[in-house]
Amino acid sequence: MPDTAANSWDARAGAHMLYGFTDLPSVQARGAVVLTHGEGPYVVDVAGRRYLDANSGLWNMVAGFDHPGLAAAAKAQYDRFPGYHAFFGRVSDQTVMLSEKLIEVSPFARGKVFYTNSGSEANDTLVKMLWFLARAEGQPERRKILTRWNGYHGVTVAAASMTGKAYNALFGLPLPGFIHLTCPHYWREGRPDETEAAFTARLAAELDEVIAREGAETIAGFFAEPVIGAGGVIPPSAGYFQAIQPILKRHNIPLIADEVICGFGRTGAVWGCQSYDFIPDAIISSKALTAGYFPMGAVILGPDLSDRLQAAAEAVEEFPHGFTASGHPVGCAIALKAIDVILNEGLLDNVRALTPRFEAGLSRLAEHPHIGEWRGKGLMGALEAVADKPTKTPFPSTLSVSERIANTCTDHGLICRPLGQSIVLCPPFILTEAQMDEMFDKLEAALTRVFSEIGAG
Ligand code: PMP
């Protein structure tokens, strides 16, 4: 078929796909990027153009796009046992081995794992677990869920309700009882003359007040990303988790670390909670869990929640929840390999080794008069564009500054992500120093160009 405008890849995709989380007018104007394969941290489109993917796909392709060991692990498991569930006391050997491994590498001395197909489902699963537990323990009113504005926890109904984004209103969400607290972003949310310590203390006081107002006995859990990811890469203010965890403990409210992005090395430790020196009651994992080679999520329960859930389930004979592909043997075989690759084949070491260069690159670009702040932890970072640096005034949203920067980057072979007024970078862990320099050079050229185009050079 000749590649005319009407049957181009872009037209075919647009005709037959409803794109999610996509700026539709922009894609209609610019065309979709249709990809065929990847090479290390690069992806290649149907026309043979190469893009350095500084997003790692969606934060997940941490080992790049052509890791031979991961593909081989998948192939070997497909040949051996291509699919099974984890119901009725039947489970694949790979699923058992991965569960042992996940507890071994978790911050918990012991615990239990429950598998899903995605991060959203893992969050919904844990909400159901907390509701199940509350009823089993004679506290059926303990149902409310606390999260933060700008936190991102997914798109299924409970996970979307946890997510602190205005677009929820388009769906009539959040569900009742999902309460959003202040985002711990000192640069944006701190008051003039408020120290970072005072800001953290104010957020802890807010948590105390919300618990008092709602009643501790009505709150099932507090979910937080160690570093907020899709809300714009927002590390917590100093001492944040140390300030809130004792309050939650005092009221028997579990603290859940949503480690879908942070987990398995992104922040420079295996877990984001380790980077911020706290141990949660449970962890939500996905993305790097399989290095993006298989859709999989996991709820990892610490000792207290796993003991209580086990008892609650035994009392009614089962925990009536699960997915057809929970603990899929191919996903588990890939995850076992991915964990080995990240922890033992130098990927986590590379995150740590590259972090100073990454931070230096971000801080150099933040010297630009229209970059208000750089933020980051490990290999996740963001630059926030501002119209006026001293007052942190954003550009009018009609200018679509971050989208224009990202589009200009795409035109020059770099994929990075606009999030609000920020540009987000979260490259694969296999990046070399030269590739990191290429990333910053291309981003710098795009920033210069877009700011000069909008008269803000
Ligand atoms: N939690 C966090 C912290 C995430 O970043 C995401 C996805 N970006 C999710 C949950 C949802 O995961 P999924 O898209 O796999 O449902």
# chains A, B, ... in the order shown; residues from 1 in each chain; ligands from 1
call {"tool": "select_by_dssp", "arguments": {"residues": "range 314-451 of chain A", "states": "alpha helix (DSSP H)", "output": "ChimeraX atom specification"}}
result
/A:314-315,329-344,347-365,401-411,433-451
call {"tool": "residues_around", "arguments": {"residues": "Leu414 in chain A", "least_positions_apart": "4", "cutoff": "12 Å", "atoms": "only C-alpha atoms", "output": "NGL selection string"}}
result
:A and (41-44 or 49-56 or 405-410 or 425 or 427 or 435-446)
call {"tool": "atom_distance", "arguments": {"atom1": "CA of Ser92 in chain A", "atom2": "CA of Lys337 in chain A"}}
result
15.9 Å
call {"tool": "residues_around", "arguments": {"residues": "His321 in chain A", "least_positions_apart": "3", "cutoff": "9 Å", "atoms": "only C-alpha atoms", "output": "ChimeraX atom specification"}}
result
/A:125,128-129,318
call {"tool": "closest_atom_pairs", "arguments": {"of": "chain A", "to": "ligand 1", "cutoff": "7 Å", "atoms": "only C-alpha atoms and all ligand atoms", "output": "tab-separated table"}}
result
residue	atom	partner	partner_atom_place_in_ligand_line	distance
A:Leu58	CA	ligand 1	8 (N)	6.7
A:Ser118	CA	ligand 1	15 (O)	3.8
A:Gly119	CA	ligand 1	12 (O)	3.3
A:Ser120	CA	ligand 1	16 (O)	3.5
A:Glu121	CA	ligand 1	16 (O)	6.2
A:Asn123	CA	ligand 1	10 (C)	6.9
A:Tyr152	CA	ligand 1	2 (C)	5.3
A:His153	CA	ligand 1	1 (N)	3.7
A:Gly154	CA	ligand 1	11 (C)	3.6
A:Val155	CA	ligand 1	16 (O)	6.3
A:Glu225	CA	ligand 1	3 (C)	5.8
A:Ile228	CA	ligand 1	3 (C)	6.9
A:Gly229	CA	ligand 1	5 (O)	5.7
A:Ala230	CA	ligand 1	5 (O)	5.6
A:Asp258	CA	ligand 1	3 (C)	5.4
A:Glu259	CA	ligand 1	3 (C)	5.9
A:Val260	CA	ligand 1	3 (C)	4.6
A:Ile261	CA	ligand 1	5 (O)	5.1
A:Ser286	CA	ligand 1	15 (O)	6.4
A:Lys287	CA	ligand 1	15 (O)	6.6
A:Gly297	CA	ligand 1	15 (O)	7.0
call {"tool": "residues_around", "arguments": {"residues": "range 368-380 of chain A", "least_positions_apart": "2", "cutoff": "8 Å", "atoms": "only C-alpha atoms", "output": "number ranges by chain"}}
result
A: 187, 227, 233-235, 266-268, 351-352, 354-355, 358-359, 362-366, 382-389, 392, 424-427, 429, 451, 456
call {"tool": "decode", "arguments": {"residues": "range 304-335 of chain A", "atoms": "N, CA and C atoms", "output": "PDB file, in the first residue's frame"}}
result
ATOM      1  N   ASP A 304       2.411  -6.739  59.442  1.00  0.00           N
ATOM      2  CA  ASP A 304       1.159  -6.510  60.162  1.00  0.00           C
ATOM      3  C   ASP A 304      -0.047  -6.702  59.233  1.00  0.00           C
ATOM      4  N   LEU A 305      -0.036  -6.031  58.069  1.00  0.00           N
ATOM      5  CA  LEU A 305      -1.189  -6.152  57.171  1.00  0.00           C
ATOM      6  C   LEU A 305      -1.307  -7.563  56.627  1.00  0.00           C
ATOM      7  N   SER A 306      -0.185  -8.220  56.335  1.00  0.00           N
ATOM      8  CA  SER A 306      -0.330  -9.581  55.776  1.00  0.00           C
ATOM      9  C   SER A 306      -0.882 -10.544  56.820  1.00  0.00           C
ATOM     10  N   ASP A 307      -0.459 -10.414  58.078  1.00  0.00           N
ATOM     11  CA  ASP A 307      -1.008 -11.301  59.117  1.00  0.00           C
ATOM     12  C   ASP A 307      -2.510 -11.071  59.294  1.00  0.00           C
ATOM     13  N   ARG A 308      -2.875  -9.783  59.335  1.00  0.00           N
ATOM     14  CA  ARG A 308      -4.295  -9.478  59.587  1.00  0.00           C
ATOM     15  C   ARG A 308      -5.159  -9.892  58.401  1.00  0.00           C
ATOM     16  N   LEU A 309      -4.666  -9.690  57.187  1.00  0.00           N
ATOM     17  CA  LEU A 309      -5.465 -10.088  56.018  1.00  0.00           C
ATOM     18  C   LEU A 309      -5.590 -11.594  55.909  1.00  0.00           C
ATOM     19  N   GLN A 310      -4.494 -12.275  56.216  1.00  0.00           N
ATOM     20  CA  GLN A 310      -4.540 -13.740  56.191  1.00  0.00           C
ATOM     21  C   GLN A 310      -5.608 -14.232  57.164  1.00  0.00           C
ATOM     22  N   ALA A 311      -5.620 -13.651  58.364  1.00  0.00           N
ATOM     23  CA  ALA A 311      -6.594 -14.074  59.379  1.00  0.00           C
ATOM     24  C   ALA A 311      -8.013 -13.735  58.925  1.00  0.00           C
ATOM     25  N   ALA A 312      -8.178 -12.523  58.363  1.00  0.00           N
ATOM     26  CA  ALA A 312      -9.517 -12.102  57.920  1.00  0.00           C
ATOM     27  C   ALA A 312     -10.017 -13.011  56.802  1.00  0.00           C
ATOM     28  N   ALA A 313      -9.122 -13.377  55.901  1.00  0.00           N
ATOM     29  CA  ALA A 313      -9.523 -14.237  54.781  1.00  0.00           C
ATOM     30  C   ALA A 313      -9.857 -15.643  55.286  1.00  0.00           C
ATOM     31  N   GLU A 314      -9.028 -16.154  56.215  1.00  0.00           N
ATOM     32  CA  GLU A 314      -9.290 -17.497  56.750  1.00  0.00           C
ATOM     33  C   GLU A 314     -10.647 -17.538  57.453  1.00  0.00           C
ATOM     34  N   ALA A 315     -11.010 -16.433  58.090  1.00  0.00           N
ATOM     35  CA  ALA A 315     -12.278 -16.402  58.836  1.00  0.00           C
ATOM     36  C   ALA A 315     -13.481 -16.595  57.922  1.00  0.00           C
ATOM     37  N   VAL A 316     -13.371 -16.137  56.656  1.00  0.00           N
ATOM     38  CA  VAL A 316     -14.491 -16.361  55.715  1.00  0.00           C
ATOM     39  C   VAL A 316     -14.086 -17.349  54.610  1.00  0.00           C
ATOM     40  N   GLU A 317     -12.991 -18.021  54.826  1.00  0.00           N
ATOM     41  CA  GLU A 317     -12.440 -19.076  53.960  1.00  0.00           C
ATOM     42  C   GLU A 317     -11.673 -18.594  52.744  1.00  0.00           C
ATOM     43  N   GLU A 318     -11.933 -17.370  52.264  1.00  0.00           N
ATOM     44  CA  GLU A 318     -11.147 -16.922  51.120  1.00  0.00           C
ATOM     45  C   GLU A 318     -11.080 -15.412  51.078  1.00  0.00           C
ATOM     46  N   PHE A 319     -10.119 -14.898  50.316  1.00  0.00           N
ATOM     47  CA  PHE A 319     -10.099 -13.482  49.974  1.00  0.00           C
ATOM     48  C   PHE A 319     -10.670 -13.402  48.563  1.00  0.00           C
ATOM     49  N   PRO A 320     -11.924 -13.008  48.418  1.00  0.00           N
ATOM     50  CA  PRO A 320     -12.576 -13.156  47.112  1.00  0.00           C
ATOM     51  C   PRO A 320     -12.211 -12.027  46.148  1.00  0.00           C
ATOM     52  N   HIS A 321     -11.034 -12.108  45.619  1.00  0.00           N
ATOM     53  CA  HIS A 321     -10.523 -11.058  44.732  1.00  0.00           C
ATOM     54  C   HIS A 321      -9.370 -11.647  43.928  1.00  0.00           C
ATOM     55  N   GLY A 322      -9.176 -11.170  42.689  1.00  0.00           N
ATOM     56  CA  GLY A 322      -8.049 -11.652  41.883  1.00  0.00           C
ATOM     57  C   GLY A 322      -8.349 -11.454  40.413  1.00  0.00           C
ATOM     58  N   PHE A 323      -7.311 -11.499  39.598  1.00  0.00           N
ATOM     59  CA  PHE A 323      -7.451 -11.312  38.158  1.00  0.00           C
ATOM     60  C   PHE A 323      -7.046 -12.590  37.445  1.00  0.00           C
ATOM     61  N   THR A 324      -7.591 -12.803  36.261  1.00  0.00           N
ATOM     62  CA  THR A 324      -7.231 -13.998  35.491  1.00  0.00           C
ATOM     63  C   THR A 324      -5.717 -14.144  35.394  1.00  0.00           C
ATOM     64  N   ALA A 325      -5.053 -13.012  35.144  1.00  0.00           N
ATOM     65  CA  ALA A 325      -3.602 -13.088  34.918  1.00  0.00           C
ATOM     66  C   ALA A 325      -2.785 -12.712  36.161  1.00  0.00           C
ATOM     67  N   SER A 326      -3.426 -12.714  37.361  1.00  0.00           N
ATOM     68  CA  SER A 326      -2.644 -12.449  38.582  1.00  0.00           C
ATOM     69  C   SER A 326      -1.517 -13.464  38.693  1.00  0.00           C
ATOM     70  N   GLY A 327      -0.290 -12.989  38.802  1.00  0.00           N
ATOM     71  CA  GLY A 327       0.847 -13.904  38.971  1.00  0.00           C
ATOM     72  C   GLY A 327       1.155 -14.690  37.719  1.00  0.00           C
ATOM     73  N   HIS A 328       0.877 -14.111  36.553  1.00  0.00           N
ATOM     74  CA  HIS A 328       1.132 -14.783  35.272  1.00  0.00           C
ATOM     75  C   HIS A 328       2.584 -15.289  35.227  1.00  0.00           C
ATOM     76  N   PRO A 329       2.775 -16.570  34.882  1.00  0.00           N
ATOM     77  CA  PRO A 329       4.137 -17.132  34.948  1.00  0.00           C
ATOM     78  C   PRO A 329       5.144 -16.412  34.056  1.00  0.00           C
ATOM     79  N   VAL A 330       4.696 -15.936  32.890  1.00  0.00           N
ATOM     80  CA  VAL A 330       5.658 -15.230  32.028  1.00  0.00           C
ATOM     81  C   VAL A 330       6.033 -13.887  32.663  1.00  0.00           C
ATOM     82  N   GLY A 331       5.032 -13.200  33.186  1.00  0.00           N
ATOM     83  CA  GLY A 331       5.330 -11.933  33.872  1.00  0.00           C
ATOM     84  C   GLY A 331       6.265 -12.160  35.042  1.00  0.00           C
ATOM     85  N   CYS A 332       6.018 -13.235  35.797  1.00  0.00           N
ATOM     86  CA  CYS A 332       6.862 -13.509  36.972  1.00  0.00           C
ATOM     87  C   CYS A 332       8.277 -13.874  36.556  1.00  0.00           C
ATOM     88  N   ALA A 333       8.422 -14.667  35.484  1.00  0.00           N
ATOM     89  CA  ALA A 333       9.774 -15.031  35.013  1.00  0.00           C
ATOM     90  C   ALA A 333      10.512 -13.771  34.563  1.00  0.00           C
ATOM     91  N   ILE A 334       9.780 -12.883  33.890  1.00  0.00           N
ATOM     92  CA  ILE A 334      10.417 -11.642  33.439  1.00  0.00           C
ATOM     93  C   ILE A 334      10.790 -10.786  34.650  1.00  0.00           C
ATOM     94  N   ALA A 335       9.887 -10.692  35.627  1.00  0.00           N
ATOM     95  CA  ALA A 335      10.177  -9.866  36.809  1.00  0.00           C
ATOM     96  C   ALA A 335      11.403 -10.401  37.552  1.00  0.00           C
TER      97      ALA A 335
END
